[in-house]
>>> print(open('input20.pdb').read())   # PDB, C-alpha atoms, pLDDT in the B column
ATOM      1  CA  MET A   1       1.198 -19.707  -2.261  1.00 48.00           C
ATOM      2  CA  GLU A   2      -0.657 -17.342  -4.588  1.00 61.00           C
ATOM      3  CA  LYS A   3       0.591 -13.820  -5.042  1.00 86.00           C
ATOM      4  CA  SER A   4      -1.729 -11.003  -4.066  1.00 95.00           C
ATOM      5  CA  ILE A   5      -2.933  -8.663  -6.800  1.00 97.00           C
ATOM      6  CA  ILE A   6      -2.911  -4.904  -6.309  1.00 97.00           C
ATOM      7  CA  ASN A   7      -5.683  -3.246  -8.335  1.00 98.00           C
ATOM      8  CA  LEU A   8      -5.292   0.485  -9.009  1.00 98.00           C
ATOM      9  CA  ARG A   9      -8.784   1.837  -9.634  1.00 97.00           C
ATOM     10  CA  THR A  10      -7.946   5.123 -11.380  1.00 94.00           C
ATOM     11  CA  SER A  11      -5.641   3.606 -13.995  1.00 93.00           C
ATOM     12  CA  GLY A  12      -7.141   0.105 -14.059  1.00 96.00           C
ATOM     13  CA  THR A  13      -3.639  -1.332 -13.592  1.00 96.00           C
ATOM     14  CA  GLN A  14      -3.116  -4.671 -11.862  1.00 97.00           C
ATOM     15  CA  LEU A  15       0.209  -5.389 -10.163  1.00 97.00           C
ATOM     16  CA  PRO A  16       1.397  -8.654  -8.613  1.00 96.00           C
ATOM     17  CA  TYR A  17       2.645  -8.423  -5.037  1.00 96.00           C
ATOM     18  CA  PRO A  18       5.867 -10.501  -4.860  1.00 91.00           C
ATOM     19  CA  ASP A  19       6.370 -12.702  -1.801  1.00 83.00           C
ATOM     20  CA  ASN A  20       9.757 -11.104  -1.042  1.00 83.00           C
ATOM     21  CA  GLN A  21       8.615  -7.467  -0.693  1.00 84.00           C
ATOM     22  CA  SER A  22       8.711  -5.881   2.731  1.00 88.00           C
ATOM     23  CA  ASN A  23       5.976  -3.301   2.043  1.00 95.00           C
ATOM     24  CA  LEU A  24       3.423  -2.072  -0.466  1.00 96.00           C
ATOM     25  CA  LEU A  25       5.244   1.217  -1.174  1.00 97.00           C
ATOM     26  CA  GLU A  26       8.246  -0.691  -2.598  1.00 95.00           C
ATOM     27  CA  VAL A  27       6.030  -2.538  -5.092  1.00 96.00           C
ATOM     28  CA  LEU A  28       4.331   0.680  -6.202  1.00 97.00           C
ATOM     29  CA  GLU A  29       7.725   2.355  -6.676  1.00 96.00           C
ATOM     30  CA  GLN A  30       9.053  -0.576  -8.730  1.00 94.00           C
ATOM     31  CA  HIS A  31       6.172   0.009 -11.155  1.00 95.00           C
ATOM     32  CA  GLN A  32       6.766   3.800 -11.262  1.00 96.00           C
ATOM     33  CA  ILE A  33       3.539   4.561  -9.381  1.00 95.00           C
ATOM     34  CA  GLN A  34       4.041   7.948  -7.709  1.00 93.00           C
ATOM     35  CA  VAL A  35       3.232   7.934  -3.987  1.00 95.00           C
ATOM     36  CA  GLU A  36       4.251  10.812  -1.753  1.00 95.00           C
ATOM     37  CA  TYR A  37       6.201   9.704   1.317  1.00 95.00           C
ATOM     38  CA  GLN A  38       8.697  11.062   3.825  1.00 95.00           C
ATOM     39  CA  CYS A  39       9.526   8.672   6.638  1.00 93.00           C
ATOM     40  CA  ARG A  40       8.949   5.119   5.306  1.00 92.00           C
ATOM     41  CA  SER A  41       8.079   3.880   8.789  1.00 93.00           C
ATOM     42  CA  GLY A  42       4.440   4.826   9.466  1.00 96.00           C
ATOM     43  CA  TYR A  43       5.359   7.890  11.502  1.00 95.00           C
ATOM     44  CA  CYS A  44       4.425  10.848   9.270  1.00 96.00           C
ATOM     45  CA  GLY A  45       1.399   9.570   7.339  1.00 96.00           C
ATOM     46  CA  SER A  46       2.258  11.394   4.101  1.00 97.00           C
ATOM     47  CA  CYS A  47       1.921   8.188   2.019  1.00 97.00           C
ATOM     48  CA  ARG A  48      -1.733   7.715   3.081  1.00 97.00           C
ATOM     49  CA  ILE A  49      -3.863   5.997   0.387  1.00 97.00           C
ATOM     50  CA  ARG A  50      -7.533   4.973   0.301  1.00 98.00           C
ATOM     51  CA  LEU A  51      -8.078   1.223   0.469  1.00 98.00           C
ATOM     52  CA  LEU A  52     -11.240   0.469  -1.506  1.00 98.00           C
ATOM     53  CA  LYS A  53     -11.314  -3.326  -1.222  1.00 98.00           C
ATOM     54  CA  GLY A  54      -9.375  -5.965   0.654  1.00 98.00           C
ATOM     55  CA  GLU A  55      -7.250  -5.942   3.752  1.00 97.00           C
ATOM     56  CA  VAL A  56      -3.659  -5.141   4.743  1.00 97.00           C
ATOM     57  CA  CYS A  57      -1.533  -6.032   7.749  1.00 96.00           C
ATOM     58  CA  TYR A  58       1.126  -3.993   9.509  1.00 95.00           C
ATOM     59  CA  ALA A  59       4.345  -5.418  10.948  1.00 86.00           C
ATOM     60  CA  GLN A  60       4.030  -2.691  13.612  1.00 86.00           C
ATOM     61  CA  GLN A  61       1.026  -0.466  14.200  1.00 90.00           C
ATOM     62  CA  PRO A  62       1.784   2.901  12.516  1.00 93.00           C
ATOM     63  CA  LEU A  63       2.142   5.973  14.691  1.00 94.00           C
ATOM     64  CA  ALA A  64       0.493   8.280  12.139  1.00 95.00           C
ATOM     65  CA  PHE A  65      -3.256   8.755  12.379  1.00 92.00           C
ATOM     66  CA  VAL A  66      -5.046   6.609   9.798  1.00 93.00           C
ATOM     67  CA  GLN A  67      -8.768   7.076   9.196  1.00 95.00           C
ATOM     68  CA  GLU A  68     -11.168   4.255   8.389  1.00 95.00           C
ATOM     69  CA  GLY A  69     -10.555   3.128   4.802  1.00 97.00           C
ATOM     70  CA  GLU A  70      -6.996   4.477   4.632  1.00 98.00           C
ATOM     71  CA  ILE A  71      -3.664   2.651   4.724  1.00 98.00           C
ATOM     72  CA  LEU A  72       0.014   3.573   4.928  1.00 98.00           C
ATOM     73  CA  PRO A  73       1.752   1.657   2.117  1.00 97.00           C
ATOM     74  CA  CYS A  74       5.203   2.360   3.584  1.00 96.00           C
ATOM     75  CA  CYS A  75       4.615  -0.140   6.384  1.00 96.00           C
ATOM     76  CA  CYS A  76       1.889  -2.567   5.290  1.00 97.00           C
ATOM     77  CA  GLN A  77       1.437  -5.654   3.146  1.00 96.00           C
ATOM     78  CA  PRO A  78      -1.711  -6.866   1.412  1.00 97.00           C
ATOM     79  CA  VAL A  79      -3.634  -9.817   2.843  1.00 95.00           C
ATOM     80  CA  GLY A  80      -4.986 -11.238  -0.407  1.00 96.00           C
ATOM     81  CA  ASP A  81      -6.056  -9.035  -3.302  1.00 97.00           C
ATOM     82  CA  ILE A  82      -6.590  -5.317  -2.663  1.00 98.00           C
ATOM     83  CA  GLU A  83      -7.902  -2.307  -4.555  1.00 98.00           C
ATOM     84  CA  LEU A  84      -6.419   1.159  -4.061  1.00 98.00           C
ATOM     85  CA  GLU A  85      -7.716   4.575  -5.092  1.00 97.00           C
ATOM     86  CA  ILE A  86      -4.750   5.446  -7.312  1.00 93.00           C
TER      87      ILE A  86
END
>>> encode(input="input20.pdb", output="structure tokens")
Amino acid sequence: MEKSIINLRTSGTQLPYPDNQSNLLEVLEQHQIQVEYQCRSGYCGSCRIRLLKGEVCYAQQPLAFVQEGEILPCCCQPVGDIELEI
């Protein structure tokens, strides 16, 4: 199974998404990418990021309001390659 690639538009950085990660926020943190967060469970919405390309899936639908084109990295995983506005 191929790993997904996370493209960060602002910096041009590409990060592999390991198969064993439970969410996108953990991968960003491992690469010292600063993302504001508070709850880590999709409740508060403070980690909201713009998804520019690709698709993510949620283990559980987040409770925080998410607008079209936004994701909550604390509780989602990429489905294939994605591009984020970071």
>>> residues_near_point(input="input20.pdb", point="(4.9, -4.5, 14.1)", cutoff="12 Å", atoms="all atoms listed in the file", output="VMD selection string")
chain A and resid 41 to 42 57 to 63 75 to 77
>>> closest_residue(input="input20.pdb", among="A:Ile5, A:Ile49, A:Ser22, A:Gly12", to="Gln34 in chain A", atoms="all atoms listed in the file")
A:Ile49
>>> closest_residue(input="input20.pdb", among="A:Glu70, A:Cys44, A:Leu15, A:Leu51", to="Gln30 in chain A", atoms="all atoms listed in the file")
A:Leu15
>>> residues_around(input="input20.pdb", residues="Glu83 in chain A", least_positions_apart="6", cutoff="6 Å", atoms="all atoms listed in the file", output="list in words")
Ile6, Asn7, Leu8, Leu52 and Lys53 of chain A
>>> closest_residue(input="input20.pdb", among="A:Ile86, A:Arg40, A:Ile33, A:Lys3", to="Ala64 in chain A", atoms="all atoms listed in the file")
A:Arg40
>>> atom_distance(input="input20.pdb", atom1="CA of Pro73 in chain A", atom2="CA of Leu24 in chain A")
4.8 Å
>>> closest_residue(input="input20.pdb", among="A:Leu72, A:Asn20, A:Gly54, A:Pro78", to="Tyr37 in chain A", atoms="all atoms listed in the file")
A:Leu72
>>> atom_distance(input="input20.pdb", atom1="CA of Tyr43 in chain A", atom2="CA of Tyr17 in chain A")
23.4 Å
>>> atom_distance(input="input20.pdb", atom1="CA of Ser4 in chain A", atom2="CA of Ile82 in chain A")
7.6 Å
>>> residues_around(input="input20.pdb", residues="Leu25 in chain A", least_positions_apart="2", cutoff="6 Å", atoms="all atoms listed in the file", output="ChimeraX atom specification")
/A:23,27-28,73-74
>>> write_last_selection(input="input20.pdb", atoms="C-alpha atoms", output="mmCIF file, keeping the file's coordinate frame")
data_model
loop_
_atom_site.group_PDB
_atom_site.id
_atom_site.type_symbol
_atom_site.label_atom_id
_atom_site.label_comp_id
_atom_site.auth_asym_id
_atom_site.auth_seq_id
_atom_site.Cartn_x
_atom_site.Cartn_y
_atom_site.Cartn_z
ATOM 1 C CA ASN A 23 5.976 -3.301 2.043
ATOM 2 C CA VAL A 27 6.030 -2.538 -5.092
ATOM 3 C CA LEU A 28 4.331 0.680 -6.202
ATOM 4 C CA PRO A 73 1.752 1.657 2.117
ATOM 5 C CA CYS A 74 5.203 2.360 3.584
#
>>> closest_residue(input="input20.pdb", among="A:Val35, A:Phe65, A:Gln21, A:Arg50", to="Arg9 in chain A", atoms="all atoms listed in the file")
A:Arg50
>>> build_atoms(input="input20.pdb", residues="range 11-22 of chain A", atoms="all heavy atoms", output="PDB file, in the coordinates of the input")
ATOM      1  N   SER A  11      -6.280   3.980 -12.733  1.00 93.00           N
ATOM      2  CA  SER A  11      -5.641   3.606 -13.995  1.00 93.00           C
ATOM      3  C   SER A  11      -6.112   2.252 -14.515  1.00 93.00           C
ATOM      4  O   SER A  11      -5.870   1.907 -15.671  1.00 93.00           O
ATOM      5  CB  SER A  11      -4.125   3.567 -13.822  1.00 93.00           C
ATOM      6  OG  SER A  11      -3.755   2.526 -12.932  1.00 93.00           O
ATOM      7  N   GLY A  12      -6.737   1.441 -13.668  1.00 96.00           N
ATOM      8  CA  GLY A  12      -7.141   0.105 -14.059  1.00 96.00           C
ATOM      9  C   GLY A  12      -5.992  -0.892 -14.083  1.00 96.00           C
ATOM     10  O   GLY A  12      -6.141  -2.021 -14.520  1.00 96.00           O
ATOM     11  N   THR A  13      -4.836  -0.488 -13.599  1.00 96.00           N
ATOM     12  CA  THR A  13      -3.639  -1.332 -13.592  1.00 96.00           C
ATOM     13  C   THR A  13      -3.744  -2.411 -12.520  1.00 96.00           C
ATOM     14  O   THR A  13      -4.269  -2.166 -11.438  1.00 96.00           O
ATOM     15  CB  THR A  13      -2.391  -0.461 -13.321  1.00 96.00           C
ATOM     16  OG1 THR A  13      -2.316   0.562 -14.306  1.00 96.00           O
ATOM     17  CG2 THR A  13      -1.120  -1.278 -13.335  1.00 96.00           C
ATOM     18  N   GLN A  14      -3.220  -3.584 -12.833  1.00 97.00           N
ATOM     19  CA  GLN A  14      -3.116  -4.671 -11.862  1.00 97.00           C
ATOM     20  C   GLN A  14      -1.647  -5.023 -11.698  1.00 97.00           C
ATOM     21  O   GLN A  14      -0.948  -5.245 -12.689  1.00 97.00           O
ATOM     22  CB  GLN A  14      -3.882  -5.906 -12.314  1.00 97.00           C
ATOM     23  CG  GLN A  14      -5.366  -5.727 -12.308  1.00 97.00           C
ATOM     24  CD  GLN A  14      -6.089  -7.036 -12.572  1.00 97.00           C
ATOM     25  OE1 GLN A  14      -5.579  -7.904 -13.258  1.00 97.00           O
ATOM     26  NE2 GLN A  14      -7.260  -7.176 -12.004  1.00 97.00           N
ATOM     27  N   LEU A  15      -1.188  -5.074 -10.458  1.00 97.00           N
ATOM     28  CA  LEU A  15       0.209  -5.389 -10.163  1.00 97.00           C
ATOM     29  C   LEU A  15       0.274  -6.613  -9.263  1.00 97.00           C
ATOM     30  O   LEU A  15      -0.470  -6.703  -8.293  1.00 97.00           O
ATOM     31  CB  LEU A  15       0.878  -4.214  -9.426  1.00 97.00           C
ATOM     32  CG  LEU A  15       0.748  -2.823 -10.032  1.00 97.00           C
ATOM     33  CD1 LEU A  15       1.300  -1.786  -9.068  1.00 97.00           C
ATOM     34  CD2 LEU A  15       1.480  -2.774 -11.352  1.00 97.00           C
ATOM     35  N   PRO A  16       1.198  -7.533  -9.536  1.00 96.00           N
ATOM     36  CA  PRO A  16       1.397  -8.654  -8.613  1.00 96.00           C
ATOM     37  C   PRO A  16       2.186  -8.187  -7.407  1.00 96.00           C
ATOM     38  O   PRO A  16       3.040  -7.303  -7.521  1.00 96.00           O
ATOM     39  CB  PRO A  16       2.197  -9.659  -9.447  1.00 96.00           C
ATOM     40  CG  PRO A  16       2.937  -8.815 -10.431  1.00 96.00           C
ATOM     41  CD  PRO A  16       2.041  -7.632 -10.721  1.00 96.00           C
ATOM     42  N   TYR A  17       1.888  -8.740  -6.252  1.00 96.00           N
ATOM     43  CA  TYR A  17       2.645  -8.423  -5.037  1.00 96.00           C
ATOM     44  C   TYR A  17       3.600  -9.589  -4.772  1.00 96.00           C
ATOM     45  O   TYR A  17       3.169 -10.652  -4.335  1.00 96.00           O
ATOM     46  CB  TYR A  17       1.712  -8.211  -3.840  1.00 96.00           C
ATOM     47  CG  TYR A  17       2.460  -7.691  -2.635  1.00 96.00           C
ATOM     48  CD1 TYR A  17       2.612  -6.335  -2.444  1.00 96.00           C
ATOM     49  CD2 TYR A  17       3.047  -8.564  -1.725  1.00 96.00           C
ATOM     50  CE1 TYR A  17       3.321  -5.848  -1.359  1.00 96.00           C
ATOM     51  CE2 TYR A  17       3.755  -8.078  -0.638  1.00 96.00           C
ATOM     52  CZ  TYR A  17       3.890  -6.721  -0.465  1.00 96.00           C
ATOM     53  OH  TYR A  17       4.608  -6.244   0.605  1.00 96.00           O
ATOM     54  N   PRO A  18       4.897  -9.414  -5.057  1.00 91.00           N
ATOM     55  CA  PRO A  18       5.867 -10.501  -4.860  1.00 91.00           C
ATOM     56  C   PRO A  18       5.991 -10.902  -3.396  1.00 91.00           C
ATOM     57  O   PRO A  18       5.878 -10.064  -2.498  1.00 91.00           O
ATOM     58  CB  PRO A  18       7.186  -9.901  -5.365  1.00 91.00           C
ATOM     59  CG  PRO A  18       6.798  -8.709  -6.167  1.00 91.00           C
ATOM     60  CD  PRO A  18       5.502  -8.216  -5.596  1.00 91.00           C
ATOM     61  N   ASP A  19       6.240 -12.177  -3.163  1.00 83.00           N
ATOM     62  CA  ASP A  19       6.370 -12.702  -1.801  1.00 83.00           C
ATOM     63  C   ASP A  19       7.525 -12.074  -1.024  1.00 83.00           C
ATOM     64  O   ASP A  19       7.496 -12.028   0.190  1.00 83.00           O
ATOM     65  CB  ASP A  19       6.594 -14.223  -1.833  1.00 83.00           C
ATOM     66  CG  ASP A  19       5.383 -14.956  -2.377  1.00 83.00           C
ATOM     67  OD1 ASP A  19       4.258 -14.418  -2.296  1.00 83.00           O
ATOM     68  OD2 ASP A  19       5.574 -16.067  -2.888  1.00 83.00           O
ATOM     69  N   ASN A  20       8.549 -11.585  -1.723  1.00 83.00           N
ATOM     70  CA  ASN A  20       9.757 -11.104  -1.042  1.00 83.00           C
ATOM     71  C   ASN A  20       9.758  -9.603  -0.749  1.00 83.00           C
ATOM     72  O   ASN A  20      10.779  -9.072  -0.334  1.00 83.00           O
ATOM     73  CB  ASN A  20      10.994 -11.463  -1.870  1.00 83.00           C
ATOM     74  CG  ASN A  20      10.985 -10.800  -3.234  1.00 83.00           C
ATOM     75  OD1 ASN A  20       9.963 -10.281  -3.679  1.00 83.00           O
ATOM     76  ND2 ASN A  20      12.118 -10.824  -3.910  1.00 83.00           N
ATOM     77  N   GLN A  21       8.660  -8.913  -0.950  1.00 84.00           N
ATOM     78  CA  GLN A  21       8.615  -7.467  -0.693  1.00 84.00           C
ATOM     79  C   GLN A  21       8.291  -7.189   0.764  1.00 84.00           C
ATOM     80  O   GLN A  21       7.450  -7.853   1.355  1.00 84.00           O
ATOM     81  CB  GLN A  21       7.571  -6.793  -1.580  1.00 84.00           C
ATOM     82  CG  GLN A  21       7.964  -6.757  -3.025  1.00 84.00           C
ATOM     83  CD  GLN A  21       9.222  -5.951  -3.275  1.00 84.00           C
ATOM     84  OE1 GLN A  21       9.203  -4.745  -3.259  1.00 84.00           O
ATOM     85  NE2 GLN A  21      10.319  -6.624  -3.494  1.00 84.00           N
ATOM     86  N   SER A  22       8.953  -6.191   1.325  1.00 88.00           N
ATOM     87  CA  SER A  22       8.711  -5.881   2.731  1.00 88.00           C
ATOM     88  C   SER A  22       7.517  -4.955   2.930  1.00 88.00           C
ATOM     89  O   SER A  22       6.922  -4.948   3.996  1.00 88.00           O
ATOM     90  CB  SER A  22       9.964  -5.280   3.370  1.00 88.00           C
ATOM     91  OG  SER A  22      10.292  -4.066   2.737  1.00 88.00           O
TER      92      SER A  22
END
